[in-house]
Amino acid sequence: MLFDKVTEQHILKGIEDFEDKGFPEGFGPSSTYDLIHDGKTFPPKAVMAYANFHAVGRKIERYFKGGLETDCFKAYERNNFKIEPKEKVDFYNWTQTHLELVEYLKDKRSKSKQLLKMLEDTGVVIGKDDFGNGVRGEIEEIDPFTFFCYIHKYGETKRLKILQSLANKLDLFYPNGERGIPTANAQKVWMFPYAFERVGDEFGILWELFNAAIDHTISNELFQRALNIRNVGKTKITEVLFYVRPFDYFPINGPSKPYLKDELGIDFHFENYEEYQQINKTIKEKSELSFPELSYLAWESTNAKNSKTPIQVFQEDETQLKNVLVNFTQTQIDNFFNFLDEIHSVLKIERGDDRFTYNTRQDEKRLAFLIGQRIGWSLDSRTNRGAYEVISNEPFEEVTYSYEGNDGIVMVKFDRIDVLINNKKVVLDQMIRELDGIKKSGFRKNMNTAFEKAVFEQQYRKQFTGSFTEVSEPAATYKKKTMPLNQILYGPPGTGKTFKLQNNYFEHFTKTANAKTKEDYLIEEVESLQWWEVYYIALKDIPNSKVSDLIIHPAIVAKSKLSSIRNIKASAWGCLQRHTVDECDNVNVVGRGNVRAFWKNEDKTWRIADGIDEDAFSELEDILDRFKNYKTNSGDEVKNYEFVTFHQSFTYEDFVEGIKPVLEDENAELRYEMSDGVFKRLANLARNNPEQPYAIFIDEINRGNVASIFGELITLIEKDKRAGAENELSVILPYSKTKFSVPQNLHIIGTMNTADRSIEALDSALRRRFEFKEMLPDYDVIDDVLNYQEFEGYQISNILRTINNRITVLIDRDHQIGHSYFLNLINSSNLGKDLKTVFKYKIIPLLQEYFFNDYVKIAMVIGEGFMDKDQYSNVTFASTDGDYDSDYSDVIKYEIRADEKINISDAIKQLMGHSNDA
């Protein structure tokens with residue numbers, strides 16, 4: 001079967017590729033069937049071409065057929081994807097809804113509040129007006145064009161839902177298509193400026209233009225008055241006229257201009273209304289299609305011209321990135337990428353996150369990192385006002401742009417990086433707020449793939465730029481040595497495997513900081529706290545806070561670094577409401593936790609409730625007090641590692657993630673919550689601090705069910721499959737449904753006792769992914785520690801060597817006895833007594849286990865000086881037909897000699913081959 005290697009994950013990746021890149025070269029829309037996923041339709045063949053590329057690496061080209069009973073459709077069926085015949089949809093019937101909506105709006109000049117409320121009820125977010133001097137408030141008036149712009153500032157799915165909602169509410173024609181509608185600029189929705197920038201009757205002009213468009217009585221003078229309004233340009237005015245009269249006015253915008261010029265041979269430039277109307281007339285003369293159909297065709301044509309293979313796209317992006325970078329100094333480039341690395345650490349950004357875009361504009365000589373629809377951080381050489389530009393809610397330097405309708409959010413430009421350093425917290429806090437509610441950046445189609453690669457692959461960044469510096473060393477210093485990412489120390493018991501971890505490996509992952517930061521200290525404090533306890537600390541520090549301000553409190557930020565929760569804001573609301581006191585009427589949640597300490601104010605801010613027993617929370621207040629008064633101490637050690645021991649009961653839920661019960665106190669109702677395991681918590685920390693090495697040490701790794709404990713992560717831990725590596729892989733975790741990959745700075749180091757289980761018996765997948773370092777008994781260590789100490793003329797090291805030689809012959813080398821059991825003899829004041837203790841409590845119990853209590857073989861290893869024997873010469877057996885009793889006439893039974901009967905001197909001599917009984 002052609003697509004037998006294609007899995008559900010490959011198809012999902014194919015859908016993602018199609019959404020980002022569009023149709024591959026040689027592919028087009030399906031005429032008969034649709035692939036259905038998340039309520040959207042996709043062309044089955046194009047998606048399968050992408051999916052099979054991810055499955056087997058086959059070139060994306062037309063080499064297969066679609067349709068029922070084909071390999072393509074069978075692959076979808078096998079992976080539980082739905083294929084349906086295309087519905088006969090009128091993709092342009094939105095025009096009827098628009099025309100009826102225009103009729104509704106005609107007499108609503110004095111009903112602005114009603115119109116704004118109607119938009120909000122459909123899910124539209126209305127921005128704030130700016131009255132100057134820092135005073136901001138609700139919009140008091142709206143024009144009909146802005147009403148339409150608010151509908152169409154969203155993507156195709158949401159704007160259709162809004163239009164359908166309005167149709168239901170106002171009893172208008174119900175649309176099921178939205179083709180050909182230009183998307184309004186989400187950053188400049190209004191057709192009017194801020195209140196303090198208005199210079200005349202802007203709203204009156206716009207309503208006059210609206211009515212004139214309906215009646216076809218627009219004059220040059222009115223058209224020009226509208227164009228003179230700040231925020232109105234030629235593109236915008238033609239688009240809103242198209243919204244109002246879609247069959248009479250054509251939108252002259254980015255997609256349509258090249259189509260008009262190249263396909264219809266029409267000059268799209270105009271200076272007044274008459275010239276614009278002449279363009280409309282010429283279009284109708286040259287094409288039989290309606291304006292909505294032409295608008296969609298122009299968009300599709302422009303999109304098709306941009307369709308290239310992934311290799312072509314990357315090559316062009318790389319060239320463009322080079323051409324942009326030459327406009328900046330090396331210091332500017334390094335500063336830009338270093339802060340971008342910090343942003344990724346704070347925001348927990350992984351490669352492929354749809355919420356972010358990495359954009360280059362060669363014509364504008366600019367690099368830009370976008371969060372959703374907004375630029376978060378950019379490097380721009382177009383002006384002499386400064387190379388750096390960043391989003392903020394405080395104008396700490398020159399403001400280049402103010403976002404419409406938002407609470408003081410601006411773009412700030414500066415030329416010295418120290419300006420950013422001094423205001424870094426303000427900037428990062430605003431970026432965290434920007435993430436609220438964002439699912440996908442609308443600019444990912446403008447992604448520069450080479451820029452993205454430079455962000456996530458340090459080595460590529462360094463090679464590509466030639467003189468890029470990698471992330472600078474942190475202030476803390478580390479004791480570094482080169483070691484494998486995945487390693488297992490293996491050997492017989494007592495060979496010092498765990499000792500080696502503690503004395504040779506731990507130091508690689510112990511940061512001897514010049515000063516432990518307050519952030520490091522706070523992470524240690526909140527690690528063991530429940531979420532409600534952390535919110536208590538935050539509210540104690542900043543009472544009467546909005547959730548958006550609360551989630552950027554240092555305690556919440558520290559806890560979130562240890563958590564995989566992606567929507568902290570939603571989680572915060574749930575936690576605060578669950579622990580609100582019963583007397584608060586502003587919260588209606590049932591099933592609250594037994595601990596109830598919070599209060600929600602009328603203005604939707606939160607605080608600690610009055611009248612609670614604050615003594616019960618004294619430990620949390622002590623944590624806050626210690627944090628606020630924390631003084632850094634030079635020489636503090638920060639341990640970037642965890643130590644665990646595998647056992648038969650250790651599970652995937654302990655290691656990665658799972659659902660675990662939570663009982664806040666003995667009287668509370670038991671509830672369950674998703675909990676991160678030790679490996680996932682450490683991976684989150686490592687991902688947030690990519691310049692520091694981290695490790696998880698797993699003692700007795702072979703005693704756990706490794707395949708079950710690691711689960712799907714067994715593949716991700718390979719060096720080339722880790723985040724940012726050449727063949728990077730990620731998985732969707734089963735409980736949290738979040739994407740997860742293993743960072744490159746997280747080491748996995750285990751130990752295993754070969755007496756319990758040989759390497760050959762290990763899971764083959766585990767063996768392939770680890771380097772193994774054998775640790776055998778080291779007799780030189782005994783000599784070094786004990787200074788070649790002897791007993792009865794025999795070096796202690798030779799006594800052990802003799803024992804191990806015999807074990808190797810009788811069993812194998814994996815069951816030897818380690819040197820560590822003899823090292824405590826260094827402190828001995830009575831060597832004979834202490835040596836006897838080592839044999840009684842260490843050596844003999846191991847031999848009993850090794851030989852399954854076969855005391856004859858134990859005697860062959862350590863001699864009869866430690867054994868009692870009894871010849872059963874007087875035993876008689878029941879009579880049988882054969883003479884079998886003679887076979888057992890010389891049976892000897894050995895037993896371990898009682899402690900008081902052991903003469904250690906004689907026993908050692910016999911062990912070494914010399915007997916005093918001769």
# chains A, B, ... in the order shown; residues from 1 in each chain; ligands from 1
$ residues_around --residues "A:Pro693" --least-positions-apart "2" --cutoff "9 Å" --atoms "only C-alpha atoms" --output "list in words"
Tyr478, Lys480, His508, Phe509, Thr510, Asn640, Tyr641, Ala686, Asn689, Pro690, Glu691, Ala695, Gln744, Asn745, Leu746 and His747 of chain A
$ residues_around --residues "A:Leu297" --least-positions-apart "3" --cutoff "12 Å" --atoms "only C-alpha atoms" --output "list of chain:residue names"
A:Arg179, A:Gly180, A:Ile181, A:Pro182, A:Pro255, A:Ser256, A:Lys257, A:Pro258, A:Tyr259, A:Leu260, A:Glu263, A:Ser287, A:Leu289, A:Ser290, A:Phe291, A:Pro292, A:Glu293, A:Leu294, A:Glu300, A:Ser301, A:Thr302, A:Asn303, A:Ala304
$ select_by_dssp --residues "stretch 221-402 of chain A" --states "strand (DSSP E)" --output "MDAnalysis selection string"
chainID A and resid 356:361 366:371 374:380 388:392 398:402
$ select_by_dssp --residues "stretch 254-357 of chain A" --states "helix (DSSP H, G or I)" --output "ChimeraX atom specification"
/A:256-262,273-286,291-305,310-325,330-347
$ residues_around --residues "stretch 598-609 of chain A" --least-positions-apart "4" --cutoff "9 Å" --atoms "only C-alpha atoms" --output "PyMOL selection string"
chain A and resi 536+539-540+542-547+550+576-577+579-581+583-587
$ residues_around --residues "A:Thr495" --least-positions-apart "5" --cutoff "6 Å" --atoms "only C-alpha atoms" --output "tab-separated table (two decimals) with all heavy atoms, in the first residue's frame"
chain	number	residue	atom	x	y	z
A	776	LEU	N	33.90	-2.26	37.18
A	776	LEU	CA	34.25	-3.54	37.80
A	776	LEU	C	34.95	-3.31	39.13
A	776	LEU	O	35.35	-2.17	39.43
A	776	LEU	CB	35.13	-4.35	36.86
A	776	LEU	CG	34.46	-4.84	35.57
A	776	LEU	CD1	35.48	-5.47	34.64
A	776	LEU	CD2	33.34	-5.83	35.89
A	777	PRO	N	35.11	-4.32	39.94
A	777	PRO	CA	35.87	-4.16	41.19
A	777	PRO	C	37.24	-3.57	40.91
A	777	PRO	O	37.95	-3.99	39.98
A	777	PRO	CB	35.97	-5.59	41.72
A	777	PRO	CG	34.79	-6.29	41.13
A	777	PRO	CD	34.60	-5.69	39.79
A	818	GLY	N	31.98	-6.05	44.74
A	818	GLY	CA	32.67	-4.78	44.59
A	818	GLY	C	33.63	-4.46	45.71
A	818	GLY	O	33.53	-4.98	46.83
A	819	HIS	N	34.52	-3.54	45.41
A	819	HIS	CA	35.57	-3.16	46.36
A	819	HIS	C	35.05	-2.30	47.52
A	819	HIS	O	35.68	-2.21	48.57
A	819	HIS	CB	36.67	-2.39	45.63
A	819	HIS	CG	36.14	-1.22	44.83
A	819	HIS	ND1	35.75	-1.37	43.51
A	819	HIS	CD2	35.91	0.08	45.15
A	819	HIS	CE1	35.32	-0.18	43.07
A	819	HIS	NE2	35.40	0.69	44.04
A	820	SER	N	33.88	-1.64	47.31
A	820	SER	CA	33.44	-0.67	48.31
A	820	SER	C	33.15	-1.30	49.66
A	820	SER	O	33.22	-0.62	50.69
A	820	SER	CB	32.18	0.06	47.80
A	820	SER	OG	31.08	-0.83	47.70
$ closest_residue --among "A:Gly123, A:Gly658, A:Gly372, A:Gly491" --to "A:Lys773" --atoms "only C-alpha atoms"
A:Gly491
$ closest_residue --among "A:Tyr174, A:Trp531, A:Tyr296, A:Phe203" --to "A:Arg225" --atoms "only C-alpha atoms"
A:Phe203
